[in-house]
Each structure stands twice: as C-alpha cells, then as structure tokens.
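A.B. asks: This is the content of data_34.pdb (PDB, C-alpha atoms and all ligand atoms):
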ATOM      1  CA  THR U   1      -2.281 -35.778  10.206
ATOM      2  CA  GLY U   2      -5.090 -33.536   8.950
ATOM      3  CA  ASN U   3      -4.077 -29.980   8.161
ATOM      4  CA  HIS U   4      -1.117 -30.257  10.467
ATOM      5  CA  TRP U   5       2.148 -28.968   9.043
ATOM      6  CA  GLY U   6       5.545 -27.923  10.334
ATOM      7  CA  TYR U   7       9.247 -28.018   9.629
ATOM      8  CA  GLY U   8      10.079 -31.494  10.963
ATOM      9  CA  LYS U   9      10.893 -34.840   9.350
ATOM     10  CA  GLU U  10       7.261 -35.893   9.360
ATOM     11  CA  ASP U  11       5.487 -32.656   8.468
ATOM     12  CA  GLY U  12       8.146 -30.528   6.706
ATOM     13  CA  PRO U  13       8.132 -28.582   3.407
ATOM     14  CA  SER U  14       8.750 -31.639   1.168
ATOM     15  CA  LEU U  15       5.445 -33.142   2.420
ATOM     16  CA  TRP U  16       3.239 -30.041   2.342
ATOM     17  CA  HIS U  17       1.941 -30.883  -1.167
ATOM     18  CA  LYS U  18      -0.078 -33.821   0.244
ATOM     19  CA  ASN U  19      -2.496 -31.522   2.084
ATOM     20  CA  PHE U  20      -1.790 -28.403   0.010
ATOM     21  CA  PRO U  21      -1.389 -29.444  -3.649
ATOM     22  CA  ILE U  22      -0.751 -25.803  -4.621
ATOM     23  CA  ALA U  23       2.743 -26.446  -3.154
ATOM     24  CA  GLU U  24       3.587 -27.638  -6.673
ATOM     25  CA  GLY U  25       1.895 -24.652  -8.352
ATOM     26  CA  HIS U  26       3.272 -22.172 -10.850
ATOM     27  CA  ARG U  27       3.999 -19.174  -8.591
ATOM     28  CA  GLN U  28       5.385 -20.623  -5.366
ATOM     29  CA  SER U  29       7.728 -18.893  -2.927
ATOM     30  CA  PRO U  30      10.463 -18.524  -1.884
ATOM     31  CA  ILE U  31      12.824 -18.601  -4.886
ATOM     32  CA  ASP U  32      16.530 -18.380  -5.523
ATOM     33  CA  ILE U  33      17.144 -14.877  -6.912
ATOM     34  CA  ILE U  34      19.848 -14.805  -9.559
ATOM     35  CA  PRO U  35      20.870 -11.120  -9.726
ATOM     36  CA  HIS U  36      22.229 -11.113 -13.297
ATOM     37  CA  GLU U  37      19.034 -12.729 -14.566
ATOM     38  CA  ALA U  38      16.766 -10.067 -13.027
ATOM     39  CA  SER U  39      15.606  -7.471 -15.534
ATOM     40  CA  HIS U  40      16.176  -3.847 -14.652
ATOM     41  CA  ASP U  41      12.788  -2.183 -15.003
ATOM     42  CA  ARG U  42      12.852   1.621 -15.363
ATOM     43  CA  SER U  43       9.104   1.800 -14.814
ATOM     44  CA  LEU U  44       9.541   0.519 -11.227
ATOM     45  CA  GLY U  45       9.422   3.458  -8.836
ATOM     46  CA  PRO U  46      10.832   3.526  -5.303
ATOM     47  CA  ILE U  47       8.927   1.783  -2.537
ATOM     48  CA  ILE U  48       7.472   4.100   0.058
ATOM     49  CA  LEU U  49       6.857   2.962   3.610
ATOM     50  CA  ASN U  50       4.400   5.090   5.531
ATOM     51  CA  TYR U  51       4.767   3.584   8.982
ATOM     52  CA  ASP U  52       4.628   6.962  10.663
ATOM     53  CA  ARG U  53       2.197   6.109  13.430
ATOM     54  CA  CYS U  54       2.906   3.161  15.663
ATOM     55  CA  THR U  55       0.073   0.712  15.207
ATOM     56  CA  SER U  56       1.624  -2.468  16.629
ATOM     57  CA  ILE U  57      -0.600  -4.381  19.059
ATOM     58  CA  ASN U  58       0.953  -7.605  20.263
ATOM     59  CA  LEU U  59       3.746 -10.160  19.936
ATOM     60  CA  SER U  60       2.865 -13.860  19.720
ATOM     61  CA  ASN U  61       4.222 -17.366  19.098
ATOM     62  CA  ASN U  62       1.946 -19.102  16.573
ATOM     63  CA  GLY U  63       3.893 -22.384  16.666
ATOM     64  CA  HIS U  64       5.617 -21.603  13.343
ATOM     65  CA  SER U  65       7.238 -18.212  14.009
ATOM     66  CA  VAL U  66       7.115 -15.141  16.229
ATOM     67  CA  VAL U  67       4.685 -12.509  14.967
ATOM     68  CA  VAL U  68       4.048  -8.820  15.671
ATOM     69  CA  GLU U  69       0.474  -7.872  14.742
ATOM     70  CA  PHE U  70      -0.785  -4.420  13.767
ATOM     71  CA  ASP U  71      -4.070  -2.546  13.861
ATOM     72  CA  ASP U  72      -5.078  -2.698  10.182
ATOM     73  CA  SER U  73      -8.496  -1.050  10.542
ATOM     74  CA  ASP U  74      -7.295   2.050   8.648
ATOM     75  CA  ASP U  75      -4.404   3.279   6.460
ATOM     76  CA  ARG U  76      -2.029   4.458   9.205
ATOM     77  CA  SER U  77       0.708   1.940   8.249
ATOM     78  CA  VAL U  78       1.032   1.241   4.524
ATOM     79  CA  ILE U  79       3.519   0.351   1.801
ATOM     80  CA  GLU U  80       3.107   1.894  -1.658
ATOM     81  CA  GLY U  81       5.036   2.511  -4.863
ATOM     82  CA  GLY U  82       7.367  -0.001  -6.503
ATOM     83  CA  PRO U  83       5.318  -2.689  -8.288
ATOM     84  CA  LEU U  84       2.137  -1.830  -6.317
ATOM     85  CA  ASP U  85      -0.921  -0.172  -7.903
ATOM     86  CA  ASN U  86      -2.233   1.199  -4.597
ATOM     87  CA  PRO U  87      -1.302   1.304  -0.907
ATOM     88  CA  TYR U  88      -1.275  -2.019   0.994
ATOM     89  CA  ARG U  89      -1.927  -2.090   4.777
ATOM     90  CA  LEU U  90       0.523  -3.605   7.248
ATOM     91  CA  LYS U  91      -1.059  -6.636   8.977
ATOM     92  CA  GLN U  92       1.887  -8.343  10.712
ATOM     93  CA  PHE U  93       5.575  -9.104  10.539
ATOM     94  CA  HIS U  94       7.406 -12.285  11.462
ATOM     95  CA  PHE U  95      10.770 -13.996  10.992
ATOM     96  CA  HIS U  96      12.200 -17.223   9.589
ATOM     97  CA  TRP U  97      15.606 -18.435  10.831
ATOM     98  CA  GLY U  98      18.036 -21.340  10.897
ATOM     99  CA  GLY U  99      19.728 -23.393  13.584
ATOM    100  CA  LYS U 100      23.286 -22.352  12.780
ATOM    101  CA  GLY U 101      25.462 -20.597  10.246
ATOM    102  CA  CYS U 102      24.223 -18.818   7.147
ATOM    103  CA  GLU U 103      21.096 -20.854   6.634
ATOM    104  CA  GLY U 104      17.698 -19.618   7.720
ATOM    105  CA  SER U 105      16.424 -17.226   5.074
ATOM    106  CA  GLU U 106      13.720 -18.388   2.662
ATOM    107  CA  HIS U 107      14.845 -16.477  -0.407
ATOM    108  CA  THR U 108      18.423 -17.050  -1.449
ATOM    109  CA  VAL U 109      20.648 -14.912  -3.682
ATOM    110  CA  ALA U 110      22.673 -16.797  -6.307
ATOM    111  CA  GLY U 111      22.294 -19.901  -4.142
ATOM    112  CA  ASN U 112      23.424 -18.230  -0.915
ATOM    113  CA  GLY U 113      21.186 -17.914   2.108
ATOM    114  CA  TYR U 114      21.256 -15.529   5.054
ATOM    115  CA  ALA U 115      20.824 -16.356   8.751
ATOM    116  CA  SER U 116      17.257 -15.073   8.872
ATOM    117  CA  GLU U 117      14.549 -13.286   6.892
ATOM    118  CA  LEU U 118      11.998 -10.747   8.115
ATOM    119  CA  HIS U 119       8.583 -10.626   6.379
ATOM    120  CA  LEU U 120       6.391  -7.524   6.622
ATOM    121  CA  VAL U 121       2.953  -8.689   5.433
ATOM    122  CA  HIS U 122       0.583  -6.124   3.862
ATOM    123  CA  TRP U 123      -2.837  -6.491   2.206
ATOM    124  CA  ASN U 124      -4.763  -4.688  -0.502
ATOM    125  CA  ALA U 125      -7.574  -2.958   1.399
ATOM    126  CA  VAL U 126      -8.483  -0.893  -1.686
ATOM    127  CA  LYS U 127      -9.667  -3.963  -3.650
ATOM    128  CA  TYR U 128     -10.574  -6.438  -0.883
ATOM    129  CA  ARG U 129     -12.749  -6.238   2.236
ATOM    130  CA  THR U 130     -10.744  -8.421   4.605
ATOM    131  CA  PHE U 131      -7.240  -9.836   4.957
ATOM    132  CA  GLY U 132      -8.695 -13.314   4.425
ATOM    133  CA  GLU U 133     -10.262 -12.309   1.127
ATOM    134  CA  ALA U 134      -7.037 -10.595  -0.009
ATOM    135  CA  ALA U 135      -4.961 -13.648   0.994
ATOM    136  CA  THR U 136      -6.564 -15.705  -1.789
ATOM    137  CA  ALA U 137      -6.471 -13.039  -4.539
ATOM    138  CA  PRO U 138      -3.601 -12.821  -7.081
ATOM    139  CA  ASP U 139      -2.848  -9.186  -6.116
ATOM    140  CA  GLY U 140      -4.089  -9.422  -2.539
ATOM    141  CA  LEU U 141      -0.855  -9.320  -0.524
ATOM    142  CA  ALA U 142       2.480  -7.519  -0.658
ATOM    143  CA  VAL U 143       5.241  -8.991   1.481
ATOM    144  CA  LEU U 144       8.443  -7.023   2.044
ATOM    145  CA  GLY U 145      11.321  -9.443   2.681
ATOM    146  CA  ILE U 146      14.451  -8.280   4.490
ATOM    147  CA  PHE U 147      17.537 -10.482   4.960
ATOM    148  CA  LEU U 148      19.349 -10.640   8.312
ATOM    149  CA  ASP U 149      23.106 -11.207   8.154
ATOM    150  CA  THR U 150      25.242 -11.997  11.196
ATOM    151  CA  GLY U 151      27.777  -9.552  12.558
ATOM    152  CA  ASP U 152      27.283  -6.653  14.924
ATOM    153  CA  GLU U 153      24.248  -6.476  17.167
ATOM    154  CA  HIS U 154      21.250  -4.647  15.660
ATOM    155  CA  ARG U 155      20.503  -1.401  17.468
ATOM    156  CA  TRP U 156      16.707  -1.882  17.595
ATOM    157  CA  LEU U 157      16.101  -5.617  17.154
ATOM    158  CA  HIS U 158      16.739  -6.061  20.898
ATOM    159  CA  ILE U 159      13.293  -4.538  21.516
ATOM    160  CA  ILE U 160      11.935  -7.742  19.983
ATOM    161  CA  THR U 161      14.556 -10.214  21.217
ATOM    162  CA  ASP U 162      14.239  -8.885  24.806
ATOM    163  CA  ALA U 163      10.500  -9.720  24.715
ATOM    164  CA  LEU U 164      10.809 -13.243  23.281
ATOM    165  CA  TYR U 165      10.945 -14.909  26.710
ATOM    166  CA  MET U 166       7.313 -13.769  27.105
ATOM    167  CA  VAL U 167       6.181 -15.888  24.127
ATOM    168  CA  LYS U 168       8.306 -18.991  24.575
ATOM    169  CA  TYR U 169       5.450 -21.442  23.978
ATOM    170  CA  LYS U 170       3.093 -21.843  21.020
ATOM    171  CA  GLY U 171      -0.098 -19.899  21.651
ATOM    172  CA  SER U 172       1.412 -17.305  23.982
ATOM    173  CA  VAL U 173       0.750 -13.616  23.373
ATOM    174  CA  THR U 174       2.076 -10.435  24.995
ATOM    175  CA  ASN U 175       1.320  -6.745  24.609
ATOM    176  CA  PHE U 176       3.614  -5.026  22.112
ATOM    177  CA  LYS U 177       2.324  -1.493  21.551
ATOM    178  CA  GLY U 178       4.172   1.363  19.904
ATOM    179  CA  PHE U 179       6.800  -0.557  17.923
ATOM    180  CA  ASN U 180       7.624   1.089  14.580
ATOM    181  CA  PRO U 181       9.185  -1.422  12.136
ATOM    182  CA  LYS U 182      10.845   1.471  10.295
ATOM    183  CA  CYS U 183      13.760   0.979  12.711
ATOM    184  CA  LEU U 184      14.397  -2.455  11.132
ATOM    185  CA  LEU U 185      14.949  -1.197   7.566
ATOM    186  CA  PRO U 186      18.392  -1.098   5.915
ATOM    187  CA  SER U 187      19.650   2.242   4.534
ATOM    188  CA  SER U 188      18.902   1.362   0.892
ATOM    189  CA  LEU U 189      15.439   0.298  -0.271
ATOM    190  CA  HIS U 190      16.625  -1.140  -3.629
ATOM    191  CA  TYR U 191      14.740  -4.355  -4.278
ATOM    192  CA  TRP U 192      13.853  -7.328  -6.445
ATOM    193  CA  THR U 193      10.187  -8.055  -7.133
ATOM    194  CA  TYR U 194       8.278 -11.055  -8.517
ATOM    195  CA  LEU U 195       4.875 -12.743  -8.203
ATOM    196  CA  GLY U 196       4.716 -15.585  -5.692
ATOM    197  CA  SER U 197       2.923 -17.163  -2.760
ATOM    198  CA  LEU U 198       2.698 -17.510   0.995
ATOM    199  CA  THR U 199       5.741 -19.558   2.046
ATOM    200  CA  THR U 200       3.695 -21.551   4.561
ATOM    201  CA  PRO U 201       0.472 -23.524   4.151
ATOM    202  CA  PRO U 202      -2.067 -22.709   2.777
ATOM    203  CA  LEU U 203       0.591 -21.468   0.266
ATOM    204  CA  HIS U 204      -1.952 -19.216  -1.499
ATOM    205  CA  GLU U 205      -0.568 -17.699  -4.735
ATOM    206  CA  SER U 206      -1.477 -14.174  -3.655
ATOM    207  CA  VAL U 207       1.789 -12.373  -2.926
ATOM    208  CA  ILE U 208       3.581  -9.564  -4.736
ATOM    209  CA  TRP U 209       7.052 -10.136  -3.293
ATOM    210  CA  ILE U 210       9.424  -7.205  -2.702
ATOM    211  CA  VAL U 211      12.812  -8.438  -1.450
ATOM    212  CA  LEU U 212      15.328  -5.818  -0.328
ATOM    213  CA  LYS U 213      18.856  -6.241  -1.689
ATOM    214  CA  GLU U 214      20.634  -4.806   1.361
ATOM    215  CA  PRO U 215      20.510  -7.019   4.477
ATOM    216  CA  ILE U 216      20.316  -5.737   8.031
ATOM    217  CA  MET U 217      22.830  -6.982  10.613
ATOM    218  CA  THR U 218      22.148  -8.978  13.746
ATOM    219  CA  SER U 219      24.426 -10.746  16.221
ATOM    220  CA  GLU U 220      24.598 -14.488  16.953
ATOM    221  CA  LYS U 221      23.463 -13.585  20.483
ATOM    222  CA  GLN U 222      20.276 -11.950  19.180
ATOM    223  CA  LEU U 223      19.618 -14.906  16.847
ATOM    224  CA  GLY U 224      20.144 -17.244  19.809
ATOM    225  CA  LYS U 225      17.152 -15.642  21.523
ATOM    226  CA  PHE U 226      14.913 -16.605  18.574
ATOM    227  CA  ARG U 227      16.173 -20.188  18.893
ATOM    228  CA  MET U 228      15.071 -20.299  22.571
ATOM    229  CA  LEU U 229      11.444 -20.174  21.407
ATOM    230  CA  LEU U 230       9.577 -23.491  21.245
ATOM    231  CA  PHE U 231       7.401 -24.979  18.476
ATOM    232  CA  ASN U 232       5.280 -26.699  21.156
ATOM    233  CA  GLY U 233       2.713 -25.427  23.637
ATOM    234  CA  GLU U 234       3.227 -25.243  27.403
ATOM    235  CA  GLU U 235       1.174 -28.426  28.064
ATOM    236  CA  GLU U 236       3.010 -30.633  25.563
ATOM    237  CA  ASP U 237       5.796 -32.860  26.937
ATOM    238  CA  GLN U 238       8.109 -33.012  23.909
ATOM    239  CA  ARG U 239      10.093 -29.779  23.690
ATOM    240  CA  ALA U 240      11.224 -28.651  20.274
ATOM    241  CA  HIS U 241      13.245 -25.488  19.803
ATOM    242  CA  MET U 242      11.910 -23.190  17.108
ATOM    243  CA  GLU U 243      14.603 -23.148  14.424
ATOM    244  CA  ASN U 244      14.946 -23.990  10.730
ATOM    245  CA  ASN U 245      11.433 -22.643  10.163
ATOM    246  CA  PHE U 246      12.123 -21.793   6.524
ATOM    247  CA  ARG U 247      10.904 -23.256   3.239
ATOM    248  CA  PRO U 248      13.644 -23.851   0.646
ATOM    249  CA  PRO U 249      13.560 -22.157  -2.807
ATOM    250  CA  GLN U 250      10.896 -23.355  -5.245
ATOM    251  CA  PRO U 251      11.038 -23.664  -9.065
ATOM    252  CA  LEU U 252      10.809 -20.349 -10.931
ATOM    253  CA  LYS U 253       8.653 -21.923 -13.697
ATOM    254  CA  GLY U 254       9.243 -19.145 -16.219
ATOM    255  CA  ARG U 255       8.622 -16.207 -13.890
ATOM    256  CA  LYS U 256      10.523 -12.956 -14.309
ATOM    257  CA  VAL U 257      12.301 -11.262 -11.423
ATOM    258  CA  ARG U 258      12.541  -7.485 -11.854
ATOM    259  CA  SER U 259      15.139  -5.222 -10.247
ATOM    260  CA  SER U 260      14.555  -1.642  -9.103
ATOM    261  CA  ASP U 261      18.052  -0.412 -10.063
TER     262      ASP U 261
HETATM  263  S1  LIG W   1       4.804 -15.398   4.386
HETATM  264  O1  LIG W   1       5.189 -14.033   4.590
HETATM  265  O2  LIG W   1       4.746 -15.823   3.005
HETATM  266  N1  LIG W   1       5.807 -16.345   5.150
HETATM  267  C1  LIG W   1       0.651 -15.858   6.055
HETATM  268  C2  LIG W   1       1.177 -14.595   5.813
HETATM  269  C3  LIG W   1       2.462 -14.460   5.307
HETATM  270  C4  LIG W   1       3.223 -15.582   5.051
HETATM  271  C5  LIG W   1       2.719 -16.839   5.303
HETATM  272  C6  LIG W   1       1.420 -16.974   5.803
HETATM  273  C7  LIG W   1      -0.741 -15.979   6.556
HETATM  274  O3  LIG W   1      -1.424 -14.993   6.709
HETATM  275  N2  LIG W   1      -1.211 -17.178   6.824
HETATM  276  C8  LIG W   1      -2.576 -17.404   7.272
HETATM  277  C9  LIG W   1      -3.488 -17.515   6.073
HETATM  278  N3  LIG W   1      -4.839 -17.765   6.430
HETATM  279  C10 LIG W   1      -5.095 -18.953   7.109
HETATM  280  C11 LIG W   1      -5.617 -20.001   6.200
HETATM  281  O4  LIG W   1      -5.555 -21.150   6.605
HETATM  282  O5  LIG W   1      -6.124 -19.810   4.979
HETATM  283  C12 LIG W   1      -5.466 -16.653   6.992
HETATM  284  C13 LIG W   1      -6.329 -15.981   6.014
HETATM  285  O6  LIG W   1      -6.594 -16.367   4.767
HETATM  286  O7  LIG W   1      -6.847 -14.987   6.421
HETATM  287 CU1  LIG W   1      -6.222 -18.182   3.759
HETATM  288 ZN    ZN W   2       7.225 -15.464   6.209
END
Could the structure of this file be written out as structure tokens, please?

C.D. replies:
Amino acid sequence: TGNHWGYGKEDGPSLWHKNFPIAEGHRQSPIDIIPHEASHDRSLGPIILNYDRCTSINLSNNGHSVVVEFDDSDDRSVIEGGPLDNPYRLKQFHFHWGGKGCEGSEHTVAGNGYASELHLVHWNAVKYRTFGEAATAPDGLAVLGIFLDTGDEHRWLHIITDALYMVKYKGSVTNFKGFNPKCLLPSSLHYWTYLGSLTTPPLHESVIWIVLKEPIMTSEKQLGKFRMLLFNGEEEDQRAHMENNFRPPQPLKGRKVRSSD
C-alpha cells in the first residue's frame, strides 16, 4: 500500500519496517524507561523553555494525531539547556493516546504506560536551514515528551479539547492563535534524556528525546474528546475513531538513558 501507514491491523507499527526499514534501526523510539538503570548525570543542566510569546498558528487533524503548529521563522519559542548544545525552535506539538485505561503513551516507565503523551517538537535552526533538513540529522530535533495521567480535569487542556470538534476529520484545519504551551507543563521539569527517533514513519533517527518525569493530569472526559476525532477524511465512508495512535517501546540496543536528578 505504498507509503501508507497507520495504527490498524493492516498498516500498524509491526508492519512499518516493510516500507521504512529504519524501524529496526539502532536508535528507535519510543523506549521503556527503567528508572534505576538511568545514569544520573551531573553535567546535565535544567531545561529552559522560552515560550514567552504566543506563536501558535493553527490546529489540525493530519490523520494520525491532532497537531498545533507554530510560527518557527524566528527564535520566539525555543527550548534550551539540558542535553542541548543550542536553542531548538518549537515547530508543533501533538498527542498520542489510547482507547481505554492506562494505555496510550509511547514511552513507558518500568513497563507502565500512561493514558496519553504530549510531544513538543523542536528543531535545530542554528545548524540546519529547514525543519526538513533537521529532521534527517542526528542532532536535528529535540522532542519534549510529557505524560498525561487520568484524574482531575486539566485547567488549560480544555482550550484544546473544546476545539477538537473543528478538526474531526483528517485534513481539517482551524485557526489556533495565541496558545502558549507553557500552561501544559507539570510543576517539575526533571527529565530523562536519550538519543532516539521519530515515533512515526519516516522514523528518522534524528531526535534528542527529553521525557519529563512528572505527568500532567487530565480527566476521562477530556480524553474522550480526543477519541471523537476520526482517522478518516470527510469523504471516506468507513469511519474510524482516532485512538491507540501510539507505537510500542522499541529495543534499547545498548543506549544509555540519562537522568537530570
Ligand atoms: S514524534 O514526536 O516522534 N511522534 C514528526 C515529528 C515528530 C514525531 C513524529 C513525526 C514529523 O515531523 N514527521 C514528518 C517528517 N517529514 C515528512 C517525511 O516524510 O519525511 C517532514 C520533514 O522531514 O520535514 Cu523527513
Ligand atoms: Zn509524537
């Protein structure tokens, strides 16, 4: 089926290697993070998120997830510090989630998943000219992963979940100006970091992963709004609810996970 991929029986993660052989590469993501095997690295500084100006543009359904895109034409929204040698520009954020229960995150911690995972995708505009160029370079991208646990409603996530009805179908886009993702961060920015890949095809091995230890909370009701989205476009007759859009953990293959504290 060409370069077609998804999360179903016929096009899911276990089959991605057929069109994207790097799926079996040496730095694939996500991984299972085993906390007591991570090495505490005193040279790792704190991560600094400079998201002070609101550069969000739109919210869209790309048929795999729901994405908020940012104006990345300058350094108004960047992540720096931690394992990074220079600031990386925010390009987009998106979510992965399950159908039910505590399954839905891509990374797991000691074998346990969370209901969802938020990915804030940044690129190295100091070394590379475009996002596309950075996306294929070994130090091109920095993705900040944040777990979502179920419990109380999140105070700010409703700004996103209230807009999801606008992007129900694949290919739909709506205006989404002035959203500052700083409101989605947990109180502690302690993290694990390791070298990995995009978790979706083309699975480029270009990501410096920074996974926050502290999850944020969201309610089942808010998660339910993500599950109302559809994988299919408006013109297609088979309806498929967007859920279980996560790749399971991949082999570590000798990589080291470092811990900030
Ligand atoms: S994730 O955070 O690892 N889930 C992409 C970004 C983040 C993640 C997954 C994917 C992404 O940007 N994908 C598009 C990559 N490509 C498209 C392509 O087919 O080939 C866009 C690009 O460069 O600019 Cu490579
Ligand atoms: Zn992702």

A.B. asks: Smallest atom-to-atom distance to ligand ZN 2 (chain W): which of U:Gly101, U:Pro46, U:Gly82, U:Pro30, using only C-alpha atoms and all ligand atoms?

C.D. replies: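 Comparing U:Gly101, U:Pro46, U:Gly82, U:Pro30 against ligand ZN 2 (chain W), the winner is U:Pro30.
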
A.B. asks: For range 173-187 of chain U, please output as a PDB file with C-alpha atoms, keeping the file's coordinate frame all residues within 8 Å (counting all atoms listed in the file; exclusion window: fewer than 4 positions along the same chain).

C.D. replies:
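Result file selection-v5.pdb:
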ATOM      1  CA  LEU U  49       6.857   2.962   3.610  1.00  0.00           C
ATOM      2  CA  TYR U  51       4.767   3.584   8.982  1.00  0.00           C
ATOM      3  CA  ASP U  52       4.628   6.962  10.663  1.00  0.00           C
ATOM      4  CA  ARG U  53       2.197   6.109  13.430  1.00  0.00           C
ATOM      5  CA  CYS U  54       2.906   3.161  15.663  1.00  0.00           C
ATOM      6  CA  THR U  55       0.073   0.712  15.207  1.00  0.00           C
ATOM      7  CA  SER U  56       1.624  -2.468  16.629  1.00  0.00           C
ATOM      8  CA  ILE U  57      -0.600  -4.381  19.059  1.00  0.00           C
ATOM      9  CA  ASN U  58       0.953  -7.605  20.263  1.00  0.00           C
ATOM     10  CA  LEU U  59       3.746 -10.160  19.936  1.00  0.00           C
ATOM     11  CA  SER U  60       2.865 -13.860  19.720  1.00  0.00           C
ATOM     12  CA  ASN U  61       4.222 -17.366  19.098  1.00  0.00           C
ATOM     13  CA  VAL U  68       4.048  -8.820  15.671  1.00  0.00           C
ATOM     14  CA  ILE U 146      14.451  -8.280   4.490  1.00  0.00           C
ATOM     15  CA  TRP U 156      16.707  -1.882  17.595  1.00  0.00           C
ATOM     16  CA  LEU U 157      16.101  -5.617  17.154  1.00  0.00           C
ATOM     17  CA  MET U 166       7.313 -13.769  27.105  1.00  0.00           C
ATOM     18  CA  VAL U 167       6.181 -15.888  24.127  1.00  0.00           C
ATOM     19  CA  GLU U 214      20.634  -4.806   1.361  1.00  0.00           C
ATOM     20  CA  PRO U 215      20.510  -7.019   4.477  1.00  0.00           C
ATOM     21  CA  ILE U 216      20.316  -5.737   8.031  1.00  0.00           C
TER      22      ILE U 216
END

A.B. asks: Give the residue list for ligand ZN 2 (chain W) at 7 Å, counting all atoms listed in the file, as a PDB file with C-alpha atoms, in the coordinates of the input, sorted by chain and then by residue number.

C.D. replies:
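Dumped to part.pdb:
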ATOM      1  CA  HIS U  94       7.406 -12.285  11.462  1.00  0.00           C
ATOM      2  CA  PHE U  95      10.770 -13.996  10.992  1.00  0.00           C
ATOM      3  CA  HIS U  96      12.200 -17.223   9.589  1.00  0.00           C
ATOM      4  CA  LEU U 118      11.998 -10.747   8.115  1.00  0.00           C
ATOM      5  CA  HIS U 119       8.583 -10.626   6.379  1.00  0.00           C
ATOM      6  CA  THR U 199       5.741 -19.558   2.046  1.00  0.00           C
TER       7      THR U 199
END

A.B. asks: Can you translate the PyMOL selection byres (((not hetatm)) within 6 of (chain W and resi 1)) into the concrete residues it hits in this file, as JSON, numbers by chain?

C.D. replies: {"U": [119, 121, 131, 132, 135, 143, 198, 199, 200, 202]}

A.B. asks: Apply the PyMOL selection byres (((chain U and resi 206) around 12) and not hetatm) to the file shown and report the selected residues as a PDB file with C-alpha atoms, keeping the file's coordinate frame.

C.D. replies:
ATOM      1  CA  ILE U  22      -0.751 -25.803  -4.621  1.00  0.00           C
ATOM      2  CA  GLY U  25       1.895 -24.652  -8.352  1.00  0.00           C
ATOM      3  CA  HIS U  26       3.272 -22.172 -10.850  1.00  0.00           C
ATOM      4  CA  ARG U  27       3.999 -19.174  -8.591  1.00  0.00           C
ATOM      5  CA  GLN U  28       5.385 -20.623  -5.366  1.00  0.00           C
ATOM      6  CA  SER U  29       7.728 -18.893  -2.927  1.00  0.00           C
ATOM      7  CA  VAL U 121       2.953  -8.689   5.433  1.00  0.00           C
ATOM      8  CA  HIS U 122       0.583  -6.124   3.862  1.00  0.00           C
ATOM      9  CA  TRP U 123      -2.837  -6.491   2.206  1.00  0.00           C
ATOM     10  CA  ASN U 124      -4.763  -4.688  -0.502  1.00  0.00           C
ATOM     11  CA  PHE U 131      -7.240  -9.836   4.957  1.00  0.00           C
ATOM     12  CA  GLY U 132      -8.695 -13.314   4.425  1.00  0.00           C
ATOM     13  CA  GLU U 133     -10.262 -12.309   1.127  1.00  0.00           C
ATOM     14  CA  ALA U 134      -7.037 -10.595  -0.009  1.00  0.00           C
ATOM     15  CA  ALA U 135      -4.961 -13.648   0.994  1.00  0.00           C
ATOM     16  CA  THR U 136      -6.564 -15.705  -1.789  1.00  0.00           C
ATOM     17  CA  ALA U 137      -6.471 -13.039  -4.539  1.00  0.00           C
ATOM     18  CA  PRO U 138      -3.601 -12.821  -7.081  1.00  0.00           C
ATOM     19  CA  ASP U 139      -2.848  -9.186  -6.116  1.00  0.00           C
ATOM     20  CA  GLY U 140      -4.089  -9.422  -2.539  1.00  0.00           C
ATOM     21  CA  LEU U 141      -0.855  -9.320  -0.524  1.00  0.00           C
ATOM     22  CA  ALA U 142       2.480  -7.519  -0.658  1.00  0.00           C
ATOM     23  CA  VAL U 143       5.241  -8.991   1.481  1.00  0.00           C
ATOM     24  CA  TYR U 194       8.278 -11.055  -8.517  1.00  0.00           C
ATOM     25  CA  LEU U 195       4.875 -12.743  -8.203  1.00  0.00           C
ATOM     26  CA  GLY U 196       4.716 -15.585  -5.692  1.00  0.00           C
ATOM     27  CA  SER U 197       2.923 -17.163  -2.760  1.00  0.00           C
ATOM     28  CA  LEU U 198       2.698 -17.510   0.995  1.00  0.00           C
ATOM     29  CA  THR U 199       5.741 -19.558   2.046  1.00  0.00           C
ATOM     30  CA  PRO U 202      -2.067 -22.709   2.777  1.00  0.00           C
ATOM     31  CA  LEU U 203       0.591 -21.468   0.266  1.00  0.00           C
ATOM     32  CA  HIS U 204      -1.952 -19.216  -1.499  1.00  0.00           C
ATOM     33  CA  GLU U 205      -0.568 -17.699  -4.735  1.00  0.00           C
ATOM     34  CA  VAL U 207       1.789 -12.373  -2.926  1.00  0.00           C
ATOM     35  CA  ILE U 208       3.581  -9.564  -4.736  1.00  0.00           C
ATOM     36  CA  TRP U 209       7.052 -10.136  -3.293  1.00  0.00           C
TER      37      TRP U 209
END

A.B. asks: Applying the PyMOL selection byres (((chain U and resi 251-254) around 7) and not hetatm) to the file I just gave you, which residues come out? Please list them as a PyMOL selection string.

C.D. replies: chain U and resi 26+31+249-250+255-256

A.B. asks: One decimal, in Å: what's the spacing between CA of Glu153 in chain U and CA of Asn112 in chain U?

C.D. replies: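 According to the coordinates, CA of Glu153 in chain U and CA of Asn112 in chain U are separated by 21.6 Å.
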
A.B. asks: Mind rebuilding range 78-85 of chain U with N, CA, C and O atoms and writing that out as a compact mmCIF listing (two decimals), in the coordinates of the input?

C.D. replies:
# COMPACT_ATOMS: atom_id res chain seq x y z
N VAL U 78 1.16 1.82 5.87
CA VAL U 78 1.03 1.24 4.52
C VAL U 78 2.35 1.26 3.76
O VAL U 78 3.25 2.05 4.04
N ILE U 79 2.42 0.35 2.78
CA ILE U 79 3.52 0.35 1.80
C ILE U 79 2.89 0.75 0.47
O ILE U 79 1.77 0.33 0.16
N GLU U 80 3.60 1.58 -0.32
CA GLU U 80 3.11 1.89 -1.66
C GLU U 80 4.29 2.11 -2.59
O GLU U 80 5.45 2.06 -2.19
N GLY U 81 3.98 2.32 -3.87
CA GLY U 81 5.04 2.51 -4.86
C GLY U 81 5.59 1.18 -5.34
O GLY U 81 4.96 0.14 -5.17
N GLY U 82 6.77 1.21 -5.95
CA GLY U 82 7.37 0.00 -6.50
C GLY U 82 6.41 -0.67 -7.48
O GLY U 82 5.82 0.00 -8.33
N PRO U 83 6.20 -1.98 -7.36
CA PRO U 83 5.32 -2.69 -8.29
C PRO U 83 3.84 -2.56 -7.92
O PRO U 83 2.99 -3.12 -8.62
N LEU U 84 3.51 -1.84 -6.85
CA LEU U 84 2.14 -1.83 -6.32
C LEU U 84 1.28 -0.75 -6.96
O LEU U 84 1.72 0.39 -7.13
N ASP U 85 0.02 -1.11 -7.27
CA ASP U 85 -0.92 -0.17 -7.90
C ASP U 85 -1.61 0.75 -6.90
O ASP U 85 -2.22 1.74 -7.29
